[in-house]
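J.: Sharing a structure below in structure tokens format, with a few things to ask.
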Amino acid sequence: MSDYGHELSFGSFVSPTAAQPRTVLELAQLTEQLDLDLFTVQDHPYQAGFLDAWTLLSVVAAQTTRLRVMPNVVNLPLRSPAVLAKSAASLDLLTNGRVELGLGAGGGFWDAIAAMGGPRRTPGEAVEALDEAIRIMRGMWNPNLDAVRVDGRHYRVHGTHPGPAPAHDISIVIGAIKPRMLRLTGRLADGWLPSSPIVVPAQLRESNELIDEAAVDAGRKPSDIRRMYNLVGRFSSDGSGFLAGPPTVWAQQIAELAINHGMSAFIAAGDDPEFLTRFAREVVPAVREIVEEERKAPPPTGGGARASVTHSSADKAAPSSRPGRFLPVPTPDDGQRVSNRRVWDESTRPSGPVRDPARSYTPKENATGQHLIDMHNDLRNELTELQALVNQIAQGKLGPSQARSQINAMTMRQNNWTLGTYCESYCRVLTMHHTIEDASMFPDLERGDPRLRPVIDRLKEEHLVVHDLLEELDRALVALVSEPDGLEQVRAALDVLSDALLSHLAYEERELIEPLARLT
């Protein structure tokens, strides 16, 4: 895969938290002050703790002068395509062309969508509906049409007049993961927007190829589709994992995504002003410099992608692309338990195939395996923060309502994905993590190596147990306000959850990080 040559752009991905609307607006204003290009928020209308995305983006656009705004991404099943087109065009006119449109088919949240009165669609129906919606929206923006007519299976428009036309050609950007959605992106969309925790760097090549093939089949050029990327990570002084190190390492890794995978718009997820400031001031200029220099260099012989990006301004050069030993180390289970309650028998856990000691692994394969560990480390870190909050309650330093509010804010800071967050509590984020594994990662691994089926079946069973423990913790947090022994209930629920979750994460890493590297 090569660089598509698009101009680089950078933006922020901020939580639309209803409890802190002023903070959200301040982060938008900071995004513009830092000379970033784009401000984005997720759209989950069924989420009671979120502001409405379109209302928020309208206010943000009114309080900024240069910043482009975009939903990341619109939940299409709960937005009428014709009305959505008019909303986008109207805001684009009012902002002199500062609106782009991210679209999602709604996958993963059908229960919540149906609860709000929306449709429940199969994966195939969701793709079909998105296709129809795009045709309607393009028609609504076309001033040369007398009327818009689309007689679809999911959406029907019978001769409505188009308009208003937007101030500029609004880009339709698709949050696509699976092959059918990727092919639709290549046929119809102006951009592709995955998130780094969901589509890891090692998967970008295959996804881009599907988009490119569909674009060519539709008579388009692959470069007609801009490749964007939601970045979920953290800065650290000594880390070297993907988006888990100092700004110089971030810059090196992002530049390689631009040169070797054609990604050209990078949107940093985070609600911390210091994080956004470091991203804008320390990462963005270095990425621009590296990519500019690489684009000036002659292409490698044979026309392939550059093996890695190197630059004198980076403290840490990109790793060699040559295969080598397997590097990720699973987090061990230390065997320590804080609760006497046992929710499963760990001795009955099956094991997967033994790793072939003669096999070598590329840096990208190693990074894919390491990525699961990094995601789990975020969950472990937030579990530690939960325990600290409970201790503060016990010491009288924090009230129950303050604790629940901090849990919500803490989780949103770490988990701003393009698929969104079903609920801002730690419990719900962990549930979403498990849902993604059950729906996507586990089936892919099982297809790649059927010997993993016993392990995957066991992990799914443990997901259900962890879900029940999460519900117990949530009930205990509610009881904390009104019941005399509320604190003891929270401690007991959190102790059991901690034992189970830490054991589960260690087991999953032990069994799956090597297959992830080998098969994805």
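Residues in the structure tokens are named by chain (A, B, ... in the order shown) and by number from 1 within that chain; ligands are numbered from 1 in the order shown.
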Extract, using only C-alpha atoms, all DNA, RNA and protein residues at most 8 Å from stretch 157-166 of chain A, discarding same-chain residues fewer than 4 positions from it, and format them as a list in words.

T.: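 Close residues of stretch 157-166 of chain A: Ala82, Lys86, Ala88, Ala89, Ser90, Asp92, Leu93, Gly97, Ile136, Gly139, Met140, Trp141, Asn142, Pro143, Leu145, Asp146, Ala147, Val148, Arg149, Val150, Asp151 and Ile170 of chain A.
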
J.: Please, could you write that set of residues out with N, CA and C atoms as a CSV table (one decimal), in the first residue's frame?

T.:
chain,number,residue,atom,x,y,z
A,82,ALA,N,-33.0,12.2,4.3
A,82,ALA,CA,-33.4,13.5,3.7
A,82,ALA,C,-33.3,14.6,4.6
A,86,LYS,N,-30.5,17.8,4.7
A,86,LYS,CA,-30.8,19.3,4.9
A,86,LYS,C,-30.1,19.9,6.1
A,88,ALA,N,-27.2,19.0,7.4
A,88,ALA,CA,-25.8,19.2,7.1
A,88,ALA,C,-25.6,20.3,6.1
A,89,ALA,N,-26.4,20.4,5.1
A,89,ALA,CA,-26.3,21.5,4.1
A,89,ALA,C,-26.6,22.9,4.8
A,90,SER,N,-27.6,22.9,5.7
A,90,SER,CA,-27.9,24.2,6.4
A,90,SER,C,-26.7,24.6,7.2
A,92,ASP,N,-23.6,23.8,6.9
A,92,ASP,CA,-22.5,24.1,6.0
A,92,ASP,C,-22.7,25.5,5.4
A,93,LEU,N,-23.9,25.9,5.1
A,93,LEU,CA,-24.1,27.3,4.6
A,93,LEU,C,-23.9,28.3,5.7
A,97,GLY,N,-19.0,26.6,4.8
A,97,GLY,CA,-18.4,25.4,4.3
A,97,GLY,C,-17.5,24.6,5.2
A,136,ILE,N,-29.9,9.2,-1.5
A,136,ILE,CA,-30.9,10.3,-1.1
A,136,ILE,C,-30.1,11.6,-0.8
A,139,GLY,N,-28.7,13.3,-3.7
A,139,GLY,CA,-29.7,14.0,-4.5
A,139,GLY,C,-30.2,15.2,-3.8
A,140,MET,N,-30.3,15.2,-2.5
A,140,MET,CA,-30.8,16.4,-1.8
A,140,MET,C,-29.8,17.6,-1.9
A,141,TRP,N,-28.6,17.3,-2.1
A,141,TRP,CA,-27.6,18.4,-2.3
A,141,TRP,C,-27.4,18.8,-3.7
A,142,ASN,N,-28.0,18.2,-4.7
A,142,ASN,CA,-27.8,18.4,-6.1
A,142,ASN,C,-28.8,19.5,-6.6
A,143,PRO,N,-28.4,20.7,-6.8
A,143,PRO,CA,-29.3,21.8,-7.2
A,143,PRO,C,-29.8,21.6,-8.7
A,145,LEU,N,-31.2,18.9,-9.9
A,145,LEU,CA,-32.3,18.0,-10.0
A,145,LEU,C,-33.6,18.7,-9.7
A,146,ASP,N,-34.6,18.3,-10.4
A,146,ASP,CA,-36.0,18.9,-10.1
A,146,ASP,C,-36.6,18.2,-8.9
A,147,ALA,N,-36.3,17.0,-8.7
A,147,ALA,CA,-36.9,16.2,-7.6
A,147,ALA,C,-36.0,15.0,-7.3
A,148,VAL,N,-36.1,14.6,-6.1
A,148,VAL,CA,-35.3,13.4,-5.6
A,148,VAL,C,-36.2,12.2,-5.5
A,149,ARG,N,-35.9,11.1,-6.2
A,149,ARG,CA,-36.7,9.9,-6.1
A,149,ARG,C,-35.8,8.7,-5.9
A,150,VAL,N,-36.0,8.1,-4.7
A,150,VAL,CA,-35.3,6.9,-4.4
A,150,VAL,C,-36.3,5.9,-3.8
A,151,ASP,N,-36.6,4.8,-4.5
A,151,ASP,CA,-37.6,3.9,-4.0
A,151,ASP,C,-36.8,2.7,-3.5
A,170,ILE,N,-19.8,18.6,0.5
A,170,ILE,CA,-19.7,17.9,1.8
A,170,ILE,C,-19.2,16.5,1.6

J.: Near stretch 37-43 of chain A, counting only C-alpha atoms, which residues have an atom at most 6 Å away, once you skip same-chain residues fewer than 4 positions from it, shown as a ChimeraX atom specification?

T.: /A:10-14,53,67-75,420

J.: If you count only C-alpha atoms, which residues fall within 8 Å of A:Gly107, apart from same-chain ones fewer than 2 positions away, as an MDAnalysis selection string?

T.: chainID A and resid 104:105 109:110 123 126

J.: Near A:Pro222, within 8 Å and counting only C-alpha atoms, which residues show up once chain neighbours fewer than 3 positions away are dropped, as a ChimeraX atom specification?

T.: /A:4,186,211-213,215-216,225

J.: So that each row is one residue of stretch 208-305 of chain A with an atom at most 10 Å from stretch 18-32 of chain A, can you give its shortest atom pair and the distance in Å to one decimal, using only C-alpha atoms, rows by chain and rising number, as CSV?

T.:
residue,atom,partner,partner_atom,distance
A:Gly270,CA,A:Leu27,CA,9.6
A:Asp271,CA,A:Leu27,CA,7.3
A:Asp272,CA,A:Leu27,CA,8.3
A:Pro273,CA,A:Leu27,CA,6.8
A:Leu276,CA,A:Thr31,CA,7.6
A:Thr277,CA,A:Leu30,CA,8.3
A:Ala280,CA,A:Thr31,CA,8.5

J.: Keeping only all heavy atoms, write those residues as a short mmCIF file (atom, residue, chain, number, x, y, z; two decimals), in the first residue's frame.

T.:
data_model
loop_
_atom_site.label_atom_id
_atom_site.label_comp_id
_atom_site.auth_asym_id
_atom_site.auth_seq_id
_atom_site.Cartn_x
_atom_site.Cartn_y
_atom_site.Cartn_z
N GLY A 270 -9.72 12.19 23.08
CA GLY A 270 -9.34 12.53 24.44
C GLY A 270 -10.04 13.78 24.93
O GLY A 270 -10.30 14.70 24.15
N ASP A 271 -10.33 13.80 26.23
CA ASP A 271 -11.02 14.94 26.84
C ASP A 271 -10.10 15.74 27.76
O ASP A 271 -10.58 16.62 28.48
CB ASP A 271 -12.22 14.45 27.65
CG ASP A 271 -13.24 13.74 26.79
OD1 ASP A 271 -13.25 13.93 25.57
OD2 ASP A 271 -14.04 12.97 27.36
N ASP A 272 -8.83 15.42 27.75
CA ASP A 272 -7.87 16.10 28.61
C ASP A 272 -7.21 17.23 27.82
O ASP A 272 -6.54 16.97 26.81
CB ASP A 272 -6.81 15.10 29.09
CG ASP A 272 -5.81 15.70 30.05
OD1 ASP A 272 -5.85 16.94 30.25
OD2 ASP A 272 -4.98 14.95 30.58
N PRO A 273 -7.35 18.49 28.24
CA PRO A 273 -6.72 19.61 27.50
C PRO A 273 -5.21 19.44 27.34
O PRO A 273 -4.66 19.79 26.29
CB PRO A 273 -7.07 20.84 28.35
CG PRO A 273 -8.29 20.45 29.11
CD PRO A 273 -8.15 18.98 29.38
N LEU A 276 -4.55 16.98 24.45
CA LEU A 276 -4.76 17.60 23.14
C LEU A 276 -3.66 18.59 22.82
O LEU A 276 -3.22 18.70 21.67
CB LEU A 276 -6.13 18.28 23.09
CG LEU A 276 -7.36 17.35 23.08
CD1 LEU A 276 -8.64 18.18 23.08
CD2 LEU A 276 -7.33 16.43 21.87
N THR A 277 -3.22 19.32 23.83
CA THR A 277 -2.16 20.31 23.60
C THR A 277 -0.86 19.63 23.20
O THR A 277 -0.18 20.08 22.26
CB THR A 277 -1.96 21.15 24.87
OG1 THR A 277 -3.18 21.83 25.19
CG2 THR A 277 -0.86 22.19 24.66
N ALA A 280 -1.18 18.40 19.60
CA ALA A 280 -1.13 19.46 18.59
C ALA A 280 0.25 20.09 18.49
O ALA A 280 0.72 20.41 17.39
CB ALA A 280 -2.16 20.53 18.91
#

J.: Return as a ChimeraX atom specification the full set of residues in stretch 93-246 of chain A whose backbone-based DSSP assignment is strand (DSSP E).

T.: /A:101-104,148-151,156-160,172-174,191-192,226-231

J.: If you run DSSP on the backbone here, which positions in stretch 189-381 of chain A get helix (DSSP H, G or I)? Please write them as a PyMOL selection string.

T.: chain A and resi 201-217+222-224+247-261+273-296+346-348+363-381

J.: May I have the residues within 6 Å of A:Gly369 as a PyMOL selection string, using only C-alpha atoms and disregarding those fewer than 4 positions away in the same chain?

T.: chain A and resi 513+516-517

J.: Counting only C-alpha atoms, which residue out of A:Leu8, A:Glu471, A:Ser351, A:Trp54 sits closest to A:Glu292?

T.: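 Checking each of A:Leu8, A:Glu471, A:Ser351, A:Trp54 against A:Glu292, counting only C-alpha atoms, the winner is A:Leu8.
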
J.: Looking at only C-alpha atoms, which of A:Ala358, A:Ala218, A:Met228, A:Val338 is the one that sits closest to A:Gly324?

T.: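 Checking each of A:Ala358, A:Ala218, A:Met228, A:Val338 against A:Gly324, counting only C-alpha atoms, the winner is A:Ala358.
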
J.: So that I can see what lies close to A:Ser360, please list as a PDB file with C-alpha atoms, in the first residue's frame the residues with an atom at most 9 Å from it, counting only C-alpha atoms and leaving out residues fewer than 3 positions away in the same chain.

T.:
ATOM      1  CA  PRO A 323      10.662 -10.910  10.621  1.00  0.00           C
ATOM      2  CA  GLY A 324      12.019 -11.911  13.991  1.00  0.00           C
ATOM      3  CA  ARG A 325      11.028 -13.487  17.284  1.00  0.00           C
ATOM      4  CA  PHE A 326       7.653 -13.139  18.941  1.00  0.00           C
ATOM      5  CA  ASP A 356       5.533 -22.901  16.618  1.00  0.00           C
ATOM      6  CA  PRO A 357       9.021 -21.967  17.910  1.00  0.00           C
TER       7      PRO A 357
END

J.: Would you mind telling me which residue in A:Val283, A:Leu464, A:Ile113, A:Ser2 lies nearest to A:Tyr46 when using only C-alpha atoms?

T.: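 Nearest to A:Tyr46: A:Ile113.
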